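Written below as structure tokens is the structure these notes are about.
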Amino acid sequence: MSQVEGPLIADRACGECQECCIAPAINKPEVQKQPGSPCVHSLQGGCNIYENRPDPCRTFFCGWRRSPDFPDDWRPDRSGVMAILEINELPQFQPLGAALNLVGNPLKTIRRPDFLDFVAKSLRNNIALYLMLSAGPGMQSARLLLNVPPLQQAAAKSRAEMKTVLEEILKILVAHPTKPYVMRHDGHDVSS
């Protein structure tokens, strides 16, 4: 899937959140950063090249900044979820999907009522939804589609049943074999 660009929600600001400077990989000709590794330019609590940051950093914004579908209090550093809007290529789902990258306490996050409600609503609306978990600096994140019958059936019943299924999905993500993230580009690595 490709990341979605577009307008930002006017009353939402990144503030002190720097999850986009840590969690995702950047693999562009002009700049590279390993997933789960902080950018060297953000180590002092803010981007020290902000005014001259490369285009991939200038154009990337998490789903919380781009979509009103995410609750107001879902800023990644506060919610533990860095949502990334993506163009969906699976024909059975809506054209826009989302990857929910668990950047905080994963178990605590998936048990929250607002998280469960967001997942249930997305499943009902046939939105391709993925759960992601970092495998550590420089490692490829584990990623699973949430639009699966056990979770869809649980979402039609109760939060408690959804929580049980999501906990099983999280166990699969935690046990997922890790492998190094492979860069296609090189020469401008800003990983710390």
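All residue names refer to the structure tokens as shown: chains lettered A, B, ... in order, residues numbered from 1 in each chain, ligands numbered from 1 in order.
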| task | Please identify all polymer residues within 9 Å of A:Glu5, counting only C-alpha atoms, omitting same-chain residues fewer than 4 positions from it, and present them as JSON, numbers by chain. | result | {"A": [59, 60, 61, 66, 85, 86]}
| query | So which residues touch A:Ile110 within 8 Å, counting only C-alpha atoms, skipping near sequence neighbours fewer than 2 positions away, as a list in words? | reply |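 Once the nearby chain positions are removed, what remains is Pro106, Leu107, Lys108, Arg112, Phe115, Leu116, Lys163, Leu166 and Glu167 of chain A.
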Generate the output file for the selected residues, N, CA and C atoms, as a JSON list (two decimals), in the first residue's frame.
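Below is the file that was written, part04.json:
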[["chain", "number", "residue", "atom", "x", "y", "z"],
["A", 106, "PRO", "N", 1.53, -2.27, 23.69],
["A", 106, "PRO", "CA", 0.59, -2.91, 22.76],
["A", 106, "PRO", "C", -0.63, -3.54, 23.45],
["A", 107, "LEU", "N", -0.42, -4.27, 24.52],
["A", 107, "LEU", "CA", -1.54, -4.95, 25.17],
["A", 107, "LEU", "C", -2.51, -3.93, 25.78],
["A", 108, "LYS", "N", -1.99, -2.94, 26.43],
["A", 108, "LYS", "CA", -2.83, -1.89, 27.01],
["A", 108, "LYS", "C", -3.62, -1.18, 25.91],
["A", 112, "ARG", "N", -8.10, -0.93, 25.10],
["A", 112, "ARG", "CA", -8.83, 0.31, 25.37],
["A", 112, "ARG", "C", -10.17, 0.33, 24.63],
["A", 115, "PHE", "N", -10.09, 2.10, 21.25],
["A", 115, "PHE", "CA", -9.41, 1.32, 20.21],
["A", 115, "PHE", "C", -10.35, 0.24, 19.68],
["A", 116, "LEU", "N", -11.00, -0.47, 20.59],
["A", 116, "LEU", "CA", -11.94, -1.53, 20.19],
["A", 116, "LEU", "C", -13.08, -0.95, 19.35],
["A", 163, "LYS", "N", -11.73, -8.01, 22.29],
["A", 163, "LYS", "CA", -10.49, -7.93, 23.06],
["A", 163, "LYS", "C", -9.79, -9.29, 23.06],
["A", 166, "LEU", "N", -8.32, -9.87, 19.57],
["A", 166, "LEU", "CA", -7.17, -8.98, 19.35],
["A", 166, "LEU", "C", -5.96, -9.42, 20.16],
["A", 167, "GLU", "N", -6.18, -9.93, 21.36],
["A", 167, "GLU", "CA", -5.05, -10.44, 22.15],
["A", 167, "GLU", "C", -4.39, -11.62, 21.46]]
How close does stretch 9-125 of chain A get to stretch 159-162 of chain A? List, as a tab-separated table, each residue of stretch 9-125 of chain A within 9 Å, its nearest atom pair and the distance in Å to one decimal, counting only C-alpha atoms.
residue	atom	partner	partner_atom	distance
A:Arg111	CA	A:Arg159	CA	8.8
A:Pro113	CA	A:Arg159	CA	7.3
A:Leu116	CA	A:Arg159	CA	6.3
A:Asp117	CA	A:Arg159	CA	7.6
A:Ala120	CA	A:Met162	CA	8.3
| request: Give me every alpha helix (DSSP H) residue in stretch 9-176 of chain A, going by DSSP on the backbone, as an MDAnalysis selection string. | output: chainID A and resid 55:59 63:66 76:79 106:111 113:124 149:155 159:175
Just the selected residues (C-alpha atoms), exported as an mmCIF file, in the first residue's frame, please.
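Result saved to result36.cif:
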data_model
loop_
_atom_site.group_PDB
_atom_site.id
_atom_site.type_symbol
_atom_site.label_atom_id
_atom_site.label_comp_id
_atom_site.auth_asym_id
_atom_site.auth_seq_id
_atom_site.Cartn_x
_atom_site.Cartn_y
_atom_site.Cartn_z
ATOM 1 C CA ASP A 55 10.702 16.081 1.188
ATOM 2 C CA PRO A 56 9.668 12.662 2.627
ATOM 3 C CA CYS A 57 9.717 14.223 6.116
ATOM 4 C CA ARG A 58 7.990 17.370 4.882
ATOM 5 C CA THR A 59 5.064 15.482 3.306
ATOM 6 C CA GLY A 63 -3.482 9.334 9.958
ATOM 7 C CA TRP A 64 -4.446 11.266 13.085
ATOM 8 C CA ARG A 65 -3.320 14.483 11.386
ATOM 9 C CA ARG A 66 -5.120 13.617 8.133
ATOM 10 C CA PRO A 76 0.537 8.872 18.547
ATOM 11 C CA ASP A 77 2.668 9.776 21.562
ATOM 12 C CA ARG A 78 -0.444 9.919 23.760
ATOM 13 C CA SER A 79 -2.493 7.029 22.373
ATOM 14 C CA PRO A 106 0.588 -2.910 22.764
ATOM 15 C CA LEU A 107 -1.536 -4.947 25.174
ATOM 16 C CA LYS A 108 -2.833 -1.887 27.008
ATOM 17 C CA THR A 109 -3.602 -0.169 23.687
ATOM 18 C CA ILE A 110 -5.643 -2.979 22.130
ATOM 19 C CA ARG A 111 -7.707 -3.330 25.322
ATOM 20 C CA PRO A 113 -12.554 0.842 24.624
ATOM 21 C CA ASP A 114 -11.815 3.606 22.089
ATOM 22 C CA PHE A 115 -9.408 1.321 20.213
ATOM 23 C CA LEU A 116 -11.939 -1.529 20.194
ATOM 24 C CA ASP A 117 -14.685 0.828 19.000
ATOM 25 C CA PHE A 118 -12.481 2.224 16.221
ATOM 26 C CA VAL A 119 -11.613 -1.274 14.986
ATOM 27 C CA ALA A 120 -15.271 -2.389 15.114
ATOM 28 C CA LYS A 121 -16.427 0.685 13.179
ATOM 29 C CA SER A 122 -13.694 0.201 10.542
ATOM 30 C CA LEU A 123 -14.596 -3.464 10.098
ATOM 31 C CA ARG A 124 -18.302 -2.592 9.722
ATOM 32 C CA PRO A 149 -13.792 -13.645 10.174
ATOM 33 C CA PRO A 150 -12.939 -14.268 13.868
ATOM 34 C CA LEU A 151 -12.517 -10.543 14.573
ATOM 35 C CA GLN A 152 -15.478 -9.548 12.392
ATOM 36 C CA GLN A 153 -17.680 -12.027 14.276
ATOM 37 C CA ALA A 154 -16.388 -10.805 17.635
ATOM 38 C CA ALA A 155 -16.991 -7.166 16.627
ATOM 39 C CA ARG A 159 -15.948 -5.459 23.126
ATOM 40 C CA ALA A 160 -14.988 -8.344 25.422
ATOM 41 C CA GLU A 161 -15.003 -10.819 22.544
ATOM 42 C CA MET A 162 -13.089 -8.392 20.336
ATOM 43 C CA LYS A 163 -10.489 -7.932 23.056
ATOM 44 C CA THR A 164 -9.969 -11.700 23.267
ATOM 45 C CA VAL A 165 -9.462 -12.030 19.505
ATOM 46 C CA LEU A 166 -7.167 -8.978 19.349
ATOM 47 C CA GLU A 167 -5.054 -10.436 22.155
ATOM 48 C CA GLU A 168 -4.621 -13.601 20.066
ATOM 49 C CA ILE A 169 -3.685 -11.516 17.018
ATOM 50 C CA LEU A 170 -1.156 -9.611 19.140
ATOM 51 C CA LYS A 171 0.399 -12.926 20.267
ATOM 52 C CA ILE A 172 0.856 -13.852 16.604
ATOM 53 C CA LEU A 173 2.508 -10.485 15.903
ATOM 54 C CA VAL A 174 4.840 -10.839 18.899
ATOM 55 C CA ALA A 175 5.846 -14.358 17.791
#
| query | Which residue out of A:Ser42, A:Asn147, A:Gln34, A:Asn101 has the minimum interatomic distance to A:Leu131 when only C-alpha atoms are used? | reply |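 Of A:Ser42, A:Asn147, A:Gln34, A:Asn101, the one nearest A:Leu131, counting only C-alpha atoms, is A:Asn101.
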| said: Ranking A:Cys62, A:Leu129, A:Leu145, A:Val182 by minimum distance to A:Met82 and counting only C-alpha atoms, which one comes first? | reply: A:Cys62
| task | Identify, with DSSP run on backbone atoms, the residues in stretch 63-93 of chain A assigned to strand (DSSP E or B), and express the list as a PyMOL selection string. | result | chain A and resi 81-87
Residue selection dump (N, CA and C atoms) as a short mmCIF file (atom, residue, chain, number, x, y, z; two decimals), in the first residue's frame:
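Generated file (result27.cif):
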data_model
loop_
_atom_site.label_atom_id
_atom_site.label_comp_id
_atom_site.auth_asym_id
_atom_site.auth_seq_id
_atom_site.Cartn_x
_atom_site.Cartn_y
_atom_site.Cartn_z
N VAL A 81 -0.79 4.66 19.36
CA VAL A 81 -1.14 4.20 18.01
C VAL A 81 -0.68 5.24 17.00
N MET A 82 0.21 4.85 16.10
CA MET A 82 0.54 5.71 14.98
C MET A 82 -0.16 5.15 13.76
N ALA A 83 -1.27 5.77 13.41
CA ALA A 83 -2.06 5.33 12.26
C ALA A 83 -1.45 5.90 10.98
N ILE A 84 -1.41 5.06 9.96
CA ILE A 84 -0.92 5.49 8.66
C ILE A 84 -2.01 5.18 7.64
N LEU A 85 -2.52 6.22 6.98
CA LEU A 85 -3.52 6.03 5.93
C LEU A 85 -2.82 5.51 4.69
N GLU A 86 -3.45 4.54 4.04
CA GLU A 86 -2.85 3.90 2.87
C GLU A 86 -3.88 3.72 1.77
N ILE A 87 -3.41 3.74 0.54
CA ILE A 87 -4.25 3.39 -0.60
C ILE A 87 -4.40 1.87 -0.57
#
| field | Point-to-point distance in Å for atom CA of A:Pro95 and atom CA of A:Asn125 | value | 11.5 Å
| request: Identify, on the basis of only C-alpha atoms, every residue whose closest approach to stretch 184-192 of chain A does not exceed 8 Å; exclude the query and any residue fewer than 6 positions from it along the same chain; express the result as a list in words. | output: Asn27, Lys28, Pro29, Glu30, Val31, Gln32, Lys33, Gln34, Ser37, Pro38, Cys39, Val40 and His41 of chain A
The selected residues should be written to file as a CSV table (one decimal), in the first residue's frame (atoms: C-alpha atoms).
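Heads up, here's the output in out-v6.csv:
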chain,number,residue,atom,x,y,z
A,27,ASN,CA,13.5,4.4,2.1
A,28,LYS,CA,13.7,7.2,-0.5
A,29,PRO,CA,16.7,8.2,-2.7
A,30,GLU,CA,17.1,11.5,-0.8
A,31,VAL,CA,17.0,10.0,2.7
A,32,GLN,CA,16.9,6.7,4.5
A,33,LYS,CA,16.0,5.7,8.0
A,34,GLN,CA,15.7,2.2,9.5
A,37,SER,CA,15.4,3.8,14.9
A,38,PRO,CA,15.2,7.5,15.8
A,39,CYS,CA,16.3,10.0,13.2
A,40,VAL,CA,19.7,11.5,14.2
A,41,HIS,CA,18.1,15.0,13.6
| message | I'd like the contact shell of A:Gln94 - 7 Å cut-off, only C-alpha atoms, skipping same-chain residues fewer than 4 positions apart - returned as a VMD selection string. | response | chain A and resid 126 to 128
